[in-house]
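K.L.:
This is the structure, below, for whatever I ask next.
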Amino acid sequence: ASALAKQHARTPALARTLMQPAGITTIGLKAAQWAHALGLGQQRLQSSARGGLAVSLGGAIGNLAAHGEHGAAVRAALAESLSLADPGSSWHTQRENWVAIACDAGLLAGSISKIANDIALMTQFEVGELTEPDVAGRGGSSTMPHKRNPVLCLRALAAAQAVPSLVAQLLAAMKQEHERALGNWQAELAAWPRVFVHTYSAALALALLLEGLQVNAARCQTSIDKLHGVLFADRLAQVFAGCIDKLEAHELVAELSRHALEQQRPLIELANECVAGDARLAAIDLEQIATCFDLSAAVQASVRAAESLLRAMPR
């Protein structure tokens, strides 16, 4: 993901909010957000594992009475021999640090799902901005020879799907009775292996996906061009607001944007005509209008944001 962010730092792409075109971003920023989320997920999981993978030794009721005054030393020696942390006390029915590992695995699985889902949406034929790695025998259809299915997205999403419910089971099992649980402790056993199998499987599929992900910069540009410049409407409204009321400027540009889409005409042309025909906007020159539609300037914020995320990557 970090490599994609650097390679496509300035590749313009359509940003979407509520599943609709919203503005100009870059493939680099999308990938940097993916990388940062994965890095944080890995860091959290490693941190919780250091505290949660601790030896469990407490004796019959958690006070190491059978070992007398040597209980703490015995627990420390056992922890060292098993390469586990020494928790400093018995945690038989105190599951906070233990279940925290599952919670962080769940967060990581959620990040993987988000990334795979974004990629799946961008690989749709009608969009075509991204393509899964092309490997012979993978992604084909048994009945439709023309199809190329996003099977790595599918694998990541399917594997991660079960993790939230498994984490919920472990959270629900934390109400363990007194010094030794009746049922909840034993119920954990079925969920624990599946948390890690599913999270690992999702991560493996995502790794294969990101390592060979293909970016179609031309299709990214086409998605932007099809909107006839309305993605620059907010910048145009700011220029208009220098001459007329801000709300009025917003409404005027919104109307021009509707006309641009309906008439399939560039918004910049309609803006120039509007300026020429409205005395209130006479102070605006064509150069100011052109600056609003400068794509290279529009991506700068995303370039800076991506660079910031990559610098902040957990080490």
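Chain labels follow the order of the structure tokens: the first chain is A, the next B, and so on; residue numbering restarts at 1 in every chain, and ligands are counted from 1 in their shown order.
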Once DSSP has gone over the backbone, tell me which residues of stretch 9-117 of chain A are in alpha helix (DSSP H), as number ranges by chain.

P.N.:
A: 27-52, 71-81, 96-117

K.L.:
Identify, on the basis of only C-alpha atoms, every residue whose closest approach to stretch 268-275 of chain A does not exceed 7 Å; exclude the query and any residue fewer than 3 positions from it along the same chain; express the result as number ranges by chain.

P.N.:
A: 229, 256, 278, 281-282, 286

K.L.:
Mind pulling up the distance from atom CA of A:Ala31 to atom CA of A:Met313?

P.N.:
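Between these atoms lies a distance of 12.4 Å.
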
K.L.:
Of the candidates A:Val163, A:Val253, A:Thr11, A:Gln33, which one gets nearest to A:Phe232 if we count only C-alpha atoms?

P.N.:
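Selected residue with least distance to A:Phe232: A:Val253.
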
K.L.:
Which residues in stretch 98-262 of chain A does DSSP call strand (DSSP E or B)? List them as a ChimeraX atom specification.

P.N.:
/A:130-131,214-215

K.L.:
Write the residues of the preceding selection, restricted to C-alpha atoms, as an mmCIF file, in the first residue's frame.

P.N.:
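Wrote again-v5.cif, looks like this:
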```cif
data_model
loop_
_atom_site.group_PDB
_atom_site.id
_atom_site.type_symbol
_atom_site.label_atom_id
_atom_site.label_comp_id
_atom_site.auth_asym_id
_atom_site.auth_seq_id
_atom_site.Cartn_x
_atom_site.Cartn_y
_atom_site.Cartn_z
ATOM 1 C CA LEU A 130 -8.449 -0.493 -10.558
ATOM 2 C CA THR A 131 -7.892 -4.095 -11.625
ATOM 3 C CA GLN A 214 -3.212 -2.376 -11.350
ATOM 4 C CA VAL A 215 -4.155 1.298 -11.546
#
```

K.L.:
How close does each residue of stretch 173-276 of chain A get to stretch 59-80 of chain A, giving the shortest atom pair and distance in Å to one decimal for every residue with an atom at most 12 Å away, counting only C-alpha atoms, sorted by chain and residue number, as a tab-separated table?

P.N.:
```
residue	atom	partner	partner_atom	distance
A:Glu177	CA	A:Ile61	CA	11.9
A:His178	CA	A:Ile61	CA	9.1
A:Glu179	CA	A:Ile61	CA	5.7
A:Arg180	CA	A:Ile61	CA	7.3
A:Ala181	CA	A:Ile61	CA	11.1
```

K.L.:
Which polymer residues have any atom within 12 Å of an atom of A:Thr222, counting only C-alpha atoms, with same-chain residues fewer than 5 positions away left out, as a PDB file with C-alpha atoms, in the first residue's frame?

P.N.:
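And here is the file that came out, selection_24.pdb:
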```
ATOM      1  CA  PRO A  12      -5.878  12.176  -9.959  1.00  0.00           C
ATOM      2  CA  ALA A  13      -8.929  10.168  -8.976  1.00  0.00           C
ATOM      3  CA  LEU A  14     -12.553  10.778  -8.190  1.00  0.00           C
ATOM      4  CA  GLU A 126     -18.389   0.505 -15.349  1.00  0.00           C
ATOM      5  CA  VAL A 127     -15.688   2.186 -13.218  1.00  0.00           C
ATOM      6  CA  GLY A 128     -12.529   0.311 -14.203  1.00  0.00           C
ATOM      7  CA  GLU A 129     -10.142   2.495 -12.208  1.00  0.00           C
ATOM      8  CA  ASN A 216      -5.768   2.548 -14.747  1.00  0.00           C
ATOM      9  CA  ALA A 217      -4.883   6.252 -14.643  1.00  0.00           C
ATOM     10  CA  LEU A 227     -18.480  15.277 -14.815  1.00  0.00           C
ATOM     11  CA  HIS A 228     -17.658  18.259 -17.049  1.00  0.00           C
ATOM     12  CA  GLY A 229     -15.786  20.160 -14.370  1.00  0.00           C
TER      13      GLY A 229
END
```

K.L.:
Compare A:Ala35, A:Ala156, A:Ala9, A:Cys103 by their minimum atom-to-atom distance to A:Tyr200, counting only C-alpha atoms, and give me the closest one.

P.N.:
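With only C-alpha atoms as the atom set, the closest residue is A:Ala156.
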
K.L.:
What's around A:Ser113 at 8 Å? Count only C-alpha atoms, leave out sequence neighbours fewer than 4 positions away in its own chain, and write the answer as a VMD selection string.

P.N.:
chain A and resid 109 117 156 to 157 160 to 161

K.L.:
Output all heavy atoms for every residue in that selection, as a CSV table (one decimal), in the first residue's frame.

P.N.:
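Result went into out.csv, see below:
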```
chain,number,residue,atom,x,y,z
A,109,ALA,N,-9.1,-6.6,11.0
A,109,ALA,CA,-10.0,-7.2,10.0
A,109,ALA,C,-11.0,-6.2,9.4
A,109,ALA,O,-11.3,-6.2,8.2
A,109,ALA,CB,-10.8,-8.3,10.7
A,117,ASN,N,-13.2,-3.6,0.1
A,117,ASN,CA,-14.5,-3.1,-0.4
A,117,ASN,C,-14.3,-1.9,-1.3
A,117,ASN,O,-14.9,-1.8,-2.4
A,117,ASN,CB,-15.4,-2.7,0.8
A,117,ASN,CG,-16.9,-2.6,0.4
A,117,ASN,OD1,-17.4,-3.5,-0.3
A,117,ASN,ND2,-17.5,-1.6,0.8
A,156,ALA,N,-10.9,-11.7,0.8
A,156,ALA,CA,-10.6,-10.8,2.0
A,156,ALA,C,-11.9,-10.5,2.7
A,156,ALA,O,-12.0,-10.5,4.0
A,156,ALA,CB,-9.9,-9.5,1.6
A,157,LEU,N,-12.9,-10.1,1.9
A,157,LEU,CA,-14.2,-9.7,2.6
A,157,LEU,C,-14.9,-10.9,3.2
A,157,LEU,O,-15.4,-10.8,4.3
A,157,LEU,CB,-15.1,-9.1,1.5
A,157,LEU,CG,-14.7,-7.8,1.0
A,157,LEU,CD1,-15.5,-7.4,-0.3
A,157,LEU,CD2,-15.0,-6.7,2.0
A,160,ALA,N,-12.9,-11.9,6.5
A,160,ALA,CA,-13.1,-10.9,7.6
A,160,ALA,C,-14.5,-10.8,8.1
A,160,ALA,O,-14.7,-10.3,9.2
A,160,ALA,CB,-12.6,-9.5,7.1
A,161,GLN,N,-15.5,-11.2,7.4
A,161,GLN,CA,-16.9,-11.1,7.7
A,161,GLN,C,-17.2,-11.7,9.1
A,161,GLN,O,-18.0,-11.1,9.8
A,161,GLN,CB,-17.8,-11.8,6.6
A,161,GLN,CG,-19.3,-11.7,6.9
A,161,GLN,CD,-19.8,-10.2,6.7
A,161,GLN,OE1,-19.2,-9.4,6.0
A,161,GLN,NE2,-20.9,-10.0,7.4
```

K.L.:
Could you work out how far atom CA of A:Ile284 lies from atom CA of A:Ala22, giving the answer in Å with one decimal?

P.N.:
25.4 Å

K.L.:
As a PyMOL selection string, please: the residues near stretch 296-302 of chain A (cut-off 8 Å, only C-alpha atoms, same-chain neighbours under 4 positions excluded).

P.N.:
chain A and resi 10+12+24-26+28-29+306

K.L.:
So which one's closest to A:His250, A:Leu236, A:Met122, A:Ala279, A:Gln263? Using only C-alpha atoms, please.

P.N.:
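Closest to A:His250 of all the choices is A:Leu236.
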
K.L.:
Have a look at A:Trp91, A:Phe293, A:Trp34, A:Phe125 and name the one nearest to A:Arg219; count only C-alpha atoms.

P.N.:
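Ranked by minimum distance to A:Arg219, first place goes to A:Phe125.
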
K.L.:
Considering only C-alpha atoms, can you say which of A:Leu309, A:Gln169, A:Leu38, A:Val303 comes closest to A:Trp192?

P.N.:
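Answer, going by the shortest atom-to-atom distance: A:Gln169.
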
K.L.:
For atom CA of A:Glu132 and atom CA of A:Gln43, determine how far apart the two atoms are, in Å to one decimal place.

P.N.:
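That distance, rounded to one decimal, is 27.1 Å.
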
K.L.:
Got a sec: who's within 12 Å of A:Arg311, counting only C-alpha atoms, leaving out chain neighbours fewer than 5 positions off, as a compact mmCIF listing (two decimals) with N, CA, C and O atoms, in the first residue's frame?

P.N.:
```txt
# COMPACT_ATOMS: atom_id res chain seq x y z
N SER A 2 1.96 1.23 0.77
CA SER A 2 2.87 2.37 0.78
C SER A 2 3.52 2.57 -0.59
O SER A 2 3.68 3.71 -1.05
N ALA A 5 1.09 4.19 -2.83
CA ALA A 5 0.92 5.60 -2.48
C ALA A 5 2.03 6.45 -3.09
O ALA A 5 1.77 7.57 -3.58
N LYS A 6 3.24 5.94 -3.09
CA LYS A 6 4.37 6.70 -3.65
C LYS A 6 4.32 6.70 -5.18
O LYS A 6 4.59 7.72 -5.83
N ALA A 32 -2.30 5.66 0.69
CA ALA A 32 -1.65 6.08 1.93
C ALA A 32 -2.58 5.85 3.13
O ALA A 32 -2.14 5.45 4.21
N GLN A 33 -3.87 6.11 2.93
CA GLN A 33 -4.84 5.85 4.00
C GLN A 33 -4.90 4.34 4.30
O GLN A 33 -5.00 3.94 5.46
N ALA A 35 -2.45 2.17 3.81
CA ALA A 35 -1.18 1.80 4.46
C ALA A 35 -1.18 2.21 5.93
O ALA A 35 -0.75 1.46 6.81
N HIS A 36 -1.66 3.42 6.20
CA HIS A 36 -1.66 3.93 7.56
C HIS A 36 -2.58 3.10 8.45
O HIS A 36 -2.23 2.76 9.59
N GLY A 39 -0.90 -0.20 9.10
CA GLY A 39 0.22 -0.02 10.03
C GLY A 39 -0.25 0.14 11.46
O GLY A 39 0.30 -0.45 12.39
N ARG A 304 -0.24 16.42 -0.28
CA ARG A 304 0.28 16.76 1.05
C ARG A 304 -0.26 15.82 2.12
O ARG A 304 0.48 15.38 3.02
N ALA A 305 -1.54 15.49 2.02
CA ALA A 305 -2.15 14.60 3.01
C ALA A 305 -1.52 13.20 2.97
O ALA A 305 -1.28 12.58 4.00
N ALA A 306 -1.26 12.73 1.75
CA ALA A 306 -0.64 11.40 1.60
C ALA A 306 0.77 11.40 2.18
O ALA A 306 1.17 10.45 2.88
```

K.L.:
For A:Val167, find every residue with an atom within 10 Å (counting only C-alpha atoms), except residues of its own chain fewer than 4 positions away, and show them as a ChimeraX atom specification.

P.N.:
/A:99-107,162-163,171-173,188,191-192,194-195
